[in-house]
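Heads up: the structure comes next, in structure tokens.
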Amino acid sequence: MSQDIIYTSTSDESFKNRSTGYEYTVGPKPSLPDECNRSPLTSKLYSESLNTKRHEVSLSAMTFLFQEMISSLHKECKTVTEFETKLSNYGESIGSRLLELLNFRSSISPGSSSRTSTFLTSSTSVLSSQTSAPGTNANYTNNTNNNNGGGSTGNGTRSRSNTGASSKDYASSIKTSNRDSSDRHHHHHQVESLTSQISKMRRRDLKILDILQFIHGTLWSYLFNHVSDDLVKSSERNNEYMIIDNQPPLTQFISGPNNRISCDYFICGIIKGFLTNAGFRCKVTAHEMPQGQFENRTVYLIQFDNQVLEREAIRFDQP
Amino acid sequence: MAIESILIINKSGGLIYQRNFSESFASKLNSNDFLIIASTIHSVFAITSQITPKALQITQNNVDYVIPYIPMVGMENSNPQQNRNSNVPVKLGSYKGPDFFKEPFISWNKSGLRQLSTDQFTMYIYQTMTGLKFVALSSNVLSNNAGTTMTGSIDRTKAVNIASQVADNFLRKIYCLYGDYVMKDPFYSMEMPIKSELFDKAVKRMVNNLL
Amino acid sequence: MSRQQSINSSQTAASATAQSPLSRSFKATGEDVWKRTEKINAELFTLTYGAIVSQLCTDYGRDFTKINEQLFQMGYSIGVRLIEDFLARTALPRCQDMQETSEALSKCAFKVFLNITPRVTNWSSTKDTFSLIIDENPLSDFVELPMDAMEQLWYSNVLCGVLKGALEMVQLDCDVFFVSDILRGDQQTELRVKLNKVLKDEIPIGED
């Protein structure tokens, strides 16, 4: 099975099968059955750091690649739904990787420092253990332990107070500036590995609002260099949330409002992959809602599965 | 410079874009007329190029391929009368503002037709290295205002030059918009007519800023 | 008149006289234009390309020859479009020989789009073929090929297509291909560009 895999670009399926992975505290294990059959070529990836390089490419390069991806996909798809689903799948494979990567990077203690990075090694390994138990009891125990051991981070505390506030408000805007936590990984100097700078892992987000805050702040900053323009809870259905982008950068050159929205399903996929991998099963759709200046303003509507709400009620609601 | 109409002609002489921006002579032409105009421009352009060597012998001194950069041609704050939306910074697609470029540049069009003036209108042509032609039709006519005195005619030459440089700056920016809103649109097929409403809007905004 | 002379001289030599905008080196142009270009996280770019290659591996049942072709084809379609963006951005005059072309590719094109400047080397004696050594490749960051792919897949083959398409649009008929790739265990990543011929008939009338 392992030979069927291209590491960066594995689909979700093959990803999950690689459960005997890499333990970031220990390093690569030469005795793993999979590794024995591999070539003697030593993997550089394992020795590289997970830290962000903070490299950039031009928006043009990205949009040309995106453009070509869309037009090939468009040729092979017969219906809009098929197109949107396939495009979303591309995004999902990316979102599912980003969950652990960004969690790691957000765990760096503010004082510590670092340099070059490659993130996929650790992100894959942690992913495999993560995906195994979404929403099960084992998962809960696991996290409780984490909580006890790790203590609460500043981010966690802030989000929690937020939850209290917005549960009273209907359709209240629950955007906060997550900037400090998301920007944390932009400014650090240079050490070898990422793990050496992490004294305790940032706790995994267990509440809907916490994980949405993470997307609105950290994920968006990572992808587009700014937090998303709004995060809103639906006043009509309590499993619906909206993340709003006033000027989606990737689709800004695509003509035809309907075409443009279809192409936003790439971002829907990233959000979905991110949430699903964190144990929040959901459906994500894109909708056009122009407002004033912002003619391409896009709303990403997240509809959580009922099981997610039920779980949250059992776990967190006071009787 | 008031722009009446903009045309884009592909490398084989086909018209792929045409918009009018006012109720003028251009709006009286139908789409078929414009197709004919496009292929005529394409041919005349080539003919001009053929006869250029002779023309060069006579007027060689005036030939200058370097187009000076004229700041903010067609940009939002180039027109102070217009109400600017102060709270939202103007975004230029994949370009970091405030302007698309800020250097003088060299015209790729060395021997072809660059400018055509009549008593009714002036036409400017910008050709790219890939063979695209960007054409602007303007109703501004310099000849009548300039008078007949000696100084008048010198001023006129100057004015004609400046207008031509403004046009080159302007049309290169339309080319920049083309790079963003046409080339990066997955629903555009190469060499075919441009139907992007985003490109339309961006071009229109730039034309309006030029008034 | 003097300006025209400087144009002519710079057409023959890559480094031209001062003052004329033509004399700005490719390096300076590339860096300037890069500064005035909107940017995006390179990791998103890497991941997106990874998702595309991975999907192709699934679609073509790991037939890497076909995948290479498909990547090249995608690159070609990108290249014929990307050239317009590049020319609008830089307004570079036509290169007079392959030496200039190689500089324009490395110091302007790669710089402006990917923020890298591959080294130009391995010139053929006829001066029509050269190599670009890509030390840092944003397409293949974090990538490691599985055994079966290591022998056949040119992971970054999209680049060859892009160069092929873009050069063809400025009337240079070239072959562009990888000769080695770090991902395959080679010492370096080397992209070869070979000029077949200048498509003189297709150079837009009015340019000369």
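Ordered as shown in the structure tokens, chains take letters A, B, and onward, while each chain numbers its residues from 1 and ligands are numbered from 1 in the order shown.
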Could the residues of chain C that have an atom at most 9 Å from chain B be listed as JSON lines, each with its closest atom pair and the distance in Å to one decimal, counting only C-alpha atoms and ordered by chain and ascending residue number?
```
{"residue": "C:Met1", "atom": "CA", "partner": "B:Asn61", "partner_atom": "CA", "distance": 6.1}
{"residue": "C:Arg3", "atom": "CA", "partner": "B:Asp64", "partner_atom": "CA", "distance": 7.3}
{"residue": "C:Gln4", "atom": "CA", "partner": "B:Asp64", "partner_atom": "CA", "distance": 6.7}
{"residue": "C:Ile7", "atom": "CA", "partner": "B:Tyr65", "partner_atom": "CA", "distance": 8.6}
{"residue": "C:Ser20", "atom": "CA", "partner": "B:Val66", "partner_atom": "CA", "distance": 8.4}
{"residue": "C:Pro21", "atom": "CA", "partner": "B:Pro104", "partner_atom": "CA", "distance": 6.3}
{"residue": "C:Leu22", "atom": "CA", "partner": "B:Ile106", "partner_atom": "CA", "distance": 7.5}
{"residue": "C:Val33", "atom": "CA", "partner": "B:Phe101", "partner_atom": "CA", "distance": 8.1}
{"residue": "C:Lys35", "atom": "CA", "partner": "B:Lys96", "partner_atom": "CA", "distance": 7.9}
{"residue": "C:Arg36", "atom": "CA", "partner": "B:Lys96", "partner_atom": "CA", "distance": 4.8}
{"residue": "C:Thr37", "atom": "CA", "partner": "B:Tyr95", "partner_atom": "CA", "distance": 4.8}
{"residue": "C:Glu38", "atom": "CA", "partner": "B:Ser94", "partner_atom": "CA", "distance": 5.0}
{"residue": "C:Lys39", "atom": "CA", "partner": "B:Ser94", "partner_atom": "CA", "distance": 7.9}
{"residue": "C:Ile78", "atom": "CA", "partner": "B:Met183", "partner_atom": "CA", "distance": 8.9}
{"residue": "C:Val80", "atom": "CA", "partner": "B:Met190", "partner_atom": "CA", "distance": 8.8}
{"residue": "C:Arg81", "atom": "CA", "partner": "B:Met183", "partner_atom": "CA", "distance": 5.3}
{"residue": "C:Leu82", "atom": "CA", "partner": "B:Met183", "partner_atom": "CA", "distance": 7.1}
{"residue": "C:Ile83", "atom": "CA", "partner": "B:Thr130", "partner_atom": "CA", "distance": 8.4}
{"residue": "C:Glu84", "atom": "CA", "partner": "B:Gly179", "partner_atom": "CA", "distance": 5.6}
{"residue": "C:Asp85", "atom": "CA", "partner": "B:Gly179", "partner_atom": "CA", "distance": 4.3}
{"residue": "C:Phe86", "atom": "CA", "partner": "B:Gly179", "partner_atom": "CA", "distance": 8.0}
{"residue": "C:Leu87", "atom": "CA", "partner": "B:Met129", "partner_atom": "CA", "distance": 7.7}
{"residue": "C:Ala88", "atom": "CA", "partner": "B:Cys176", "partner_atom": "CA", "distance": 5.0}
{"residue": "C:Arg89", "atom": "CA", "partner": "B:Cys176", "partner_atom": "CA", "distance": 6.7}
{"residue": "C:Thr90", "atom": "CA", "partner": "B:Phe101", "partner_atom": "CA", "distance": 8.3}
{"residue": "C:Ala91", "atom": "CA", "partner": "B:Phe105", "partner_atom": "CA", "distance": 6.3}
{"residue": "C:Leu92", "atom": "CA", "partner": "B:Ile106", "partner_atom": "CA", "distance": 7.6}
{"residue": "C:Pro93", "atom": "CA", "partner": "B:Ile106", "partner_atom": "CA", "distance": 6.5}
{"residue": "C:Arg94", "atom": "CA", "partner": "B:Met129", "partner_atom": "CA", "distance": 7.5}
{"residue": "C:Met169", "atom": "CA", "partner": "B:Thr130", "partner_atom": "CA", "distance": 5.8}
{"residue": "C:Val170", "atom": "CA", "partner": "B:Thr130", "partner_atom": "CA", "distance": 5.6}
{"residue": "C:Gln171", "atom": "CA", "partner": "B:Thr130", "partner_atom": "CA", "distance": 8.0}
{"residue": "C:Glu202", "atom": "CA", "partner": "B:Gly131", "partner_atom": "CA", "distance": 8.6}
{"residue": "C:Ile203", "atom": "CA", "partner": "B:Gly131", "partner_atom": "CA", "distance": 7.5}
{"residue": "C:Pro204", "atom": "CA", "partner": "B:Gly131", "partner_atom": "CA", "distance": 5.0}
{"residue": "C:Ile205", "atom": "CA", "partner": "B:Ala46", "partner_atom": "CA", "distance": 5.9}
{"residue": "C:Gly206", "atom": "CA", "partner": "B:Gly112", "partner_atom": "CA", "distance": 4.1}
{"residue": "C:Glu207", "atom": "CA", "partner": "B:Lys110", "partner_atom": "CA", "distance": 5.0}
{"residue": "C:Asp208", "atom": "CA", "partner": "B:Lys110", "partner_atom": "CA", "distance": 6.1}
```
I want to know what sits within 12 Å of Leu65 in chain A, based on only C-alpha atoms, with residues of the same chain fewer than 6 positions away left out; could you give that as a PyMOL selection string? (chain A and resi 57-59+71-72+250-251) or (chain B and resi 183-186) or (chain C and resi 44-53+71+74-79+81-82+113-114+139+158-159+162)
Could you save those same residues with N, CA and C atoms as a JSON list (two decimals), in the first residue's frame?
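Output file part_17.json is given in full below:
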```
[["chain", "number", "residue", "atom", "x", "y", "z"],
["A", 57, "VAL", "N", 4.68, 32.95, -3.39],
["A", 57, "VAL", "CA", 4.74, 32.99, -4.84],
["A", 57, "VAL", "C", 3.76, 34.06, -5.28],
["A", 58, "SER", "N", 3.79, 34.40, -6.56],
["A", 58, "SER", "CA", 2.89, 35.46, -7.00],
["A", 58, "SER", "C", 1.46, 34.93, -7.06],
["A", 59, "LEU", "N", 0.54, 35.84, -6.82],
["A", 59, "LEU", "CA", -0.88, 35.49, -6.94],
["A", 59, "LEU", "C", -1.16, 35.02, -8.37],
["A", 71, "SER", "N", -10.25, 24.54, -15.58],
["A", 71, "SER", "CA", -10.70, 24.29, -16.94],
["A", 71, "SER", "C", -10.55, 22.82, -17.31],
["A", 72, "SER", "N", -9.53, 22.13, -16.79],
["A", 72, "SER", "CA", -9.49, 20.67, -17.07],
["A", 72, "SER", "C", -10.65, 19.97, -16.40],
["A", 250, "LEU", "N", -8.72, 33.96, -4.93],
["A", 250, "LEU", "CA", -8.46, 32.98, -5.98],
["A", 250, "LEU", "C", -9.43, 33.07, -7.14],
["A", 251, "THR", "N", -10.67, 33.46, -6.85],
["A", 251, "THR", "CA", -11.68, 33.45, -7.90],
["A", 251, "THR", "C", -11.96, 34.84, -8.44],
["B", 183, "MET", "N", -7.00, 36.22, -19.25],
["B", 183, "MET", "CA", -6.10, 35.07, -19.24],
["B", 183, "MET", "C", -6.30, 34.18, -18.01],
["B", 184, "LYS", "N", -6.71, 34.77, -16.89],
["B", 184, "LYS", "CA", -6.86, 33.95, -15.68],
["B", 184, "LYS", "C", -8.29, 33.47, -15.49],
["B", 185, "ASP", "N", -9.10, 33.65, -16.51],
["B", 185, "ASP", "CA", -10.48, 33.17, -16.43],
["B", 185, "ASP", "C", -10.58, 31.81, -17.09],
["B", 186, "PRO", "N", -10.84, 30.77, -16.31],
["B", 186, "PRO", "CA", -10.88, 29.42, -16.89],
["B", 186, "PRO", "C", -12.01, 29.24, -17.91],
["C", 44, "LEU", "N", 0.29, 27.05, -0.07],
["C", 44, "LEU", "CA", -1.01, 26.80, -0.70],
["C", 44, "LEU", "C", -0.81, 26.38, -2.16],
["C", 45, "PHE", "N", 0.14, 27.05, -2.81],
["C", 45, "PHE", "CA", 0.48, 26.74, -4.19],
["C", 45, "PHE", "C", 1.02, 25.31, -4.29],
["C", 46, "THR", "N", 1.95, 24.98, -3.40],
["C", 46, "THR", "CA", 2.53, 23.64, -3.36],
["C", 46, "THR", "C", 1.46, 22.57, -3.15],
["C", 47, "LEU", "N", 0.61, 22.82, -2.18],
["C", 47, "LEU", "CA", -0.43, 21.85, -1.85],
["C", 47, "LEU", "C", -1.43, 21.68, -3.00],
["C", 48, "THR", "N", -1.75, 22.79, -3.65],
["C", 48, "THR", "CA", -2.69, 22.72, -4.77],
["C", 48, "THR", "C", -2.09, 21.89, -5.91],
["C", 49, "TYR", "N", -0.83, 22.15, -6.21],
["C", 49, "TYR", "CA", -0.19, 21.37, -7.27],
["C", 49, "TYR", "C", -0.12, 19.89, -6.86],
["C", 50, "GLY", "N", 0.18, 19.65, -5.60],
["C", 50, "GLY", "CA", 0.22, 18.28, -5.10],
["C", 50, "GLY", "C", -1.11, 17.59, -5.28],
["C", 51, "ALA", "N", -2.18, 18.31, -4.99],
["C", 51, "ALA", "CA", -3.52, 17.73, -5.14],
["C", 51, "ALA", "C", -3.78, 17.39, -6.60],
["C", 52, "ILE", "N", -3.30, 18.23, -7.50],
["C", 52, "ILE", "CA", -3.50, 17.98, -8.94],
["C", 52, "ILE", "C", -2.74, 16.73, -9.38],
["C", 53, "VAL", "N", -1.46, 16.64, -9.00],
["C", 53, "VAL", "CA", -0.66, 15.48, -9.41],
["C", 53, "VAL", "C", -1.25, 14.20, -8.82],
["C", 71, "LEU", "N", 0.62, 16.50, -17.44],
["C", 71, "LEU", "CA", 1.18, 17.65, -16.75],
["C", 71, "LEU", "C", 1.76, 18.65, -17.75],
["C", 74, "MET", "N", -1.10, 20.48, -19.44],
["C", 74, "MET", "CA", -1.65, 21.51, -18.55],
["C", 74, "MET", "C", -0.72, 22.72, -18.54],
["C", 75, "GLY", "N", 0.57, 22.44, -18.46],
["C", 75, "GLY", "CA", 1.54, 23.52, -18.45],
["C", 75, "GLY", "C", 1.49, 24.34, -19.73],
["C", 76, "TYR", "N", 1.33, 23.64, -20.84],
["C", 76, "TYR", "CA", 1.27, 24.34, -22.13],
["C", 76, "TYR", "C", 0.09, 25.32, -22.15],
["C", 77, "SER", "N", -1.06, 24.83, -21.71],
["C", 77, "SER", "CA", -2.23, 25.72, -21.68],
["C", 77, "SER", "C", -2.01, 26.91, -20.75],
["C", 78, "ILE", "N", -1.29, 26.67, -19.67],
["C", 78, "ILE", "CA", -0.98, 27.78, -18.77],
["C", 78, "ILE", "C", -0.02, 28.75, -19.47],
["C", 79, "GLY", "N", 0.99, 28.19, -20.10],
["C", 79, "GLY", "CA", 2.04, 29.00, -20.72],
["C", 79, "GLY", "C", 1.53, 29.98, -21.76],
["C", 81, "ARG", "N", -1.19, 31.40, -21.89],
["C", 81, "ARG", "CA", -1.92, 32.49, -21.24],
["C", 81, "ARG", "C", -0.98, 33.34, -20.39],
["C", 82, "LEU", "N", -0.13, 32.63, -19.67],
["C", 82, "LEU", "CA", 0.76, 33.30, -18.73],
["C", 82, "LEU", "C", 1.69, 34.31, -19.41],
["C", 113, "PHE", "N", 7.06, 35.11, -11.08],
["C", 113, "PHE", "CA", 5.97, 34.20, -10.74],
["C", 113, "PHE", "C", 6.25, 33.36, -9.51],
["C", 114, "LEU", "N", 7.47, 32.84, -9.39],
["C", 114, "LEU", "CA", 7.73, 31.89, -8.31],
["C", 114, "LEU", "C", 8.75, 32.40, -7.29],
["C", 139, "LEU", "N", 7.11, 24.02, -6.44],
["C", 139, "LEU", "CA", 6.14, 23.00, -6.82],
["C", 139, "LEU", "C", 6.35, 21.72, -6.02],
["C", 158, "VAL", "N", 4.92, 20.18, -15.29],
["C", 158, "VAL", "CA", 4.08, 21.30, -15.69],
["C", 158, "VAL", "C", 4.94, 22.49, -16.11],
["C", 159, "LEU", "N", 6.11, 22.62, -15.47],
["C", 159, "LEU", "CA", 7.01, 23.74, -15.80],
["C", 159, "LEU", "C", 7.46, 23.68, -17.25],
["C", 162, "VAL", "N", 4.75, 24.94, -19.39],
["C", 162, "VAL", "CA", 4.59, 26.39, -19.28],
["C", 162, "VAL", "C", 5.62, 27.09, -20.15]]
```
Point-to-point distance in Å for CA of Leu7 in chain B and CA of Asp155 in chain B: 29.2 Å
Show me, as a tab-separated table, the residues of chain A having an atom within 9 Å of chain B, each with the closest atom pair and its distance in Å, using only C-alpha atoms.
```
residue	atom	partner	partner_atom	distance
A:Ser58	CA	B:Ser94	CA	8.0
A:Leu59	CA	B:Ser94	CA	6.0
A:Ser60	CA	B:Ser94	CA	6.2
A:Thr63	CA	B:Lys184	CA	6.4
A:Phe64	CA	B:Lys184	CA	5.8
A:Phe66	CA	B:Pro186	CA	8.4
A:Gln67	CA	B:Pro186	CA	4.8
A:Glu68	CA	B:Pro186	CA	6.6
A:Met69	CA	B:Pro186	CA	8.5
A:Ile70	CA	B:Pro186	CA	6.2
A:Ser71	CA	B:Pro186	CA	5.1
A:Ser72	CA	B:Pro186	CA	8.9
A:His74	CA	B:Pro186	CA	8.7
A:Pro249	CA	B:Gly93	CA	8.5
A:Thr251	CA	B:Asp185	CA	8.6
A:Gln252	CA	B:Gly93	CA	7.5
A:Phe253	CA	B:Tyr181	CA	4.8
A:Ile254	CA	B:Asp185	CA	4.6
A:Ser255	CA	B:Ser196	CA	4.9
A:Gly256	CA	B:Glu197	CA	6.9
A:Asn259	CA	B:Phe187	CA	8.1
A:Gln293	CA	B:Val88	CA	7.8
```
Create the file for the chosen residues now, containing C-alpha atoms and written as a CSV table (one decimal), in the first residue's frame.
```
chain,number,residue,atom,x,y,z
A,58,SER,CA,2.9,35.5,-7.0
A,59,LEU,CA,-0.9,35.5,-6.9
A,60,SER,CA,-0.6,35.2,-10.7
A,63,THR,CA,-4.4,31.8,-10.2
A,64,PHE,CA,-2.9,30.4,-13.4
A,66,PHE,CA,-6.0,27.3,-10.4
A,67,GLN,CA,-7.4,28.4,-13.7
A,68,GLU,CA,-5.9,25.4,-15.4
A,69,MET,CA,-7.2,23.0,-12.7
A,70,ILE,CA,-10.7,24.4,-13.2
A,71,SER,CA,-10.7,24.3,-16.9
A,72,SER,CA,-9.5,20.7,-17.1
A,74,HIS,CA,-14.7,21.6,-16.3
A,249,PRO,CA,-8.6,36.2,-4.0
A,251,THR,CA,-11.7,33.4,-7.9
A,252,GLN,CA,-11.5,37.2,-8.4
A,253,PHE,CA,-10.7,36.9,-12.1
A,254,ILE,CA,-13.4,34.4,-13.0
A,255,SER,CA,-16.3,35.7,-15.1
A,256,GLY,CA,-19.9,35.0,-14.5
A,259,ASN,CA,-19.1,30.2,-12.5
A,293,GLN,CA,-18.3,47.7,-2.6
```
What's the 9 Å shell around Val166 in chain B, counting only C-alpha atoms, without same-chain residues fewer than 5 positions away, as a VMD selection string? chain B and resid 1 67 to 70 73 161 171
For the residues in that selection, give me C-alpha atoms as a short mmCIF file (atom, residue, chain, number, x, y, z; two decimals), in the first residue's frame.
```cif
data_model
loop_
_atom_site.label_atom_id
_atom_site.label_comp_id
_atom_site.auth_asym_id
_atom_site.auth_seq_id
_atom_site.Cartn_x
_atom_site.Cartn_y
_atom_site.Cartn_z
CA MET B 1 -8.71 62.14 -23.54
CA ILE B 67 7.33 55.46 -24.12
CA PRO B 68 7.75 57.61 -20.99
CA TYR B 69 5.81 56.54 -17.95
CA ILE B 70 2.95 58.96 -17.36
CA VAL B 73 -3.17 57.37 -16.39
CA ASN B 161 3.06 63.28 -29.06
CA LEU B 171 -3.51 50.71 -23.59
#
```
Tell me which protein, DNA and RNA residues are within 8 Å of Leu15 in chain B, counting only C-alpha atoms, leaving out same-chain ones fewer than 6 positions away, and put them as a list in words. Leu7, Ile8, Ile9, Phe34, Leu35, Ala38, Ser39 and Pro193 of chain B
Output C-alpha atoms for every residue in that selection, as a PDB file, in the first residue's frame.
```pdb
ATOM      1  CA  LEU B   7     -11.185  47.169 -29.689  1.00  0.00           C
ATOM      2  CA  ILE B   8      -8.987  44.142 -29.172  1.00  0.00           C
ATOM      3  CA  ILE B   9      -7.844  42.297 -32.267  1.00  0.00           C
ATOM      4  CA  PHE B  34     -16.634  46.660 -36.320  1.00  0.00           C
ATOM      5  CA  LEU B  35     -15.589  43.257 -37.617  1.00  0.00           C
ATOM      6  CA  ALA B  38     -10.915  45.246 -37.196  1.00  0.00           C
ATOM      7  CA  SER B  39      -9.706  43.347 -40.212  1.00  0.00           C
ATOM      8  CA  PRO B 193     -14.537  36.826 -28.135  1.00  0.00           C
TER       9      PRO B 193
END
```
Assign secondary structure with DSSP using the backbone only, and return the residues of range 104-203 of chain C in helix (DSSP H, G or I) as a VMD selection string. chain C and resid 104 to 114 147 to 152 158 to 169 182 to 184 200 to 202
Output C-alpha atoms of each residue in that selection to a file, as a tab-separated table (two decimals), in the first residue's frame.
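Output (part-v5.tsv):
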```tsv
chain	number	residue	atom	x	y	z
C	104	ALA	CA	14.83	36.75	-19.08
C	105	LEU	CA	13.49	33.35	-18.04
C	106	SER	CA	15.63	32.97	-14.97
C	107	LYS	CA	15.78	36.50	-13.62
C	108	CYS	CA	12.41	37.81	-14.75
C	109	ALA	CA	9.94	35.04	-15.42
C	110	PHE	CA	10.86	32.64	-12.62
C	111	LYS	CA	11.43	35.58	-10.30
C	112	VAL	CA	8.15	37.30	-11.02
C	113	PHE	CA	5.97	34.20	-10.74
C	114	LEU	CA	7.73	31.89	-8.31
C	147	MET	CA	9.34	3.92	-5.47
C	148	ASP	CA	7.31	3.35	-8.60
C	149	ALA	CA	7.02	7.05	-9.35
C	150	MET	CA	10.69	7.72	-8.75
C	151	GLU	CA	11.70	6.02	-11.95
C	152	GLN	CA	9.21	7.56	-14.30
C	158	VAL	CA	4.08	21.30	-15.69
C	159	LEU	CA	7.01	23.74	-15.80
C	160	CYS	CA	8.21	22.31	-19.13
C	161	GLY	CA	4.77	22.85	-20.59
C	162	VAL	CA	4.59	26.39	-19.28
C	163	LEU	CA	7.93	27.31	-20.84
C	164	LYS	CA	7.07	25.55	-24.09
C	165	GLY	CA	3.74	27.36	-24.39
C	166	ALA	CA	5.02	30.75	-23.33
C	167	LEU	CA	8.07	30.66	-25.62
C	168	GLU	CA	5.97	29.53	-28.55
C	169	MET	CA	3.75	32.58	-28.13
C	182	ILE	CA	16.22	15.83	-6.90
C	183	LEU	CA	12.98	13.98	-6.22
C	184	ARG	CA	14.33	11.07	-8.24
C	200	LYS	CA	10.10	34.26	-38.11
C	201	ASP	CA	6.93	34.19	-40.16
C	202	GLU	CA	4.88	34.52	-37.04
```
Pick the closest to chain C from A:Leu223, A:Val284, A:Val80, A:Leu99: which is it, counting only C-alpha atoms? A:Leu223
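Taking CA of Leu206 in chain A and CA of Phe104 in chain A as the two end points, the separation is 16.0 Å.
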How many Å lie between CA of Ile208 in chain A and CA of Asp229 in chain A, rounded to one decimal? 18.5 Å
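Of the listed residues (C:Asp97, C:Asp135, C:Glu43, C:Glu103), C:Glu43 comes nearest to chain A; the distances count only C-alpha atoms.
Nearest-residue note for chain A: choosing from C:Asp181, C:Asp59, C:Asp173, C:Asp141, the minimum distance belongs to C:Asp141, counting only C-alpha atoms.
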Got a sec to tell me which of chain C DSSP assigns to strand (DSSP E or B), as a ChimeraX atom specification? /C:37,39-41,119-121,129-133,172-180,190-198
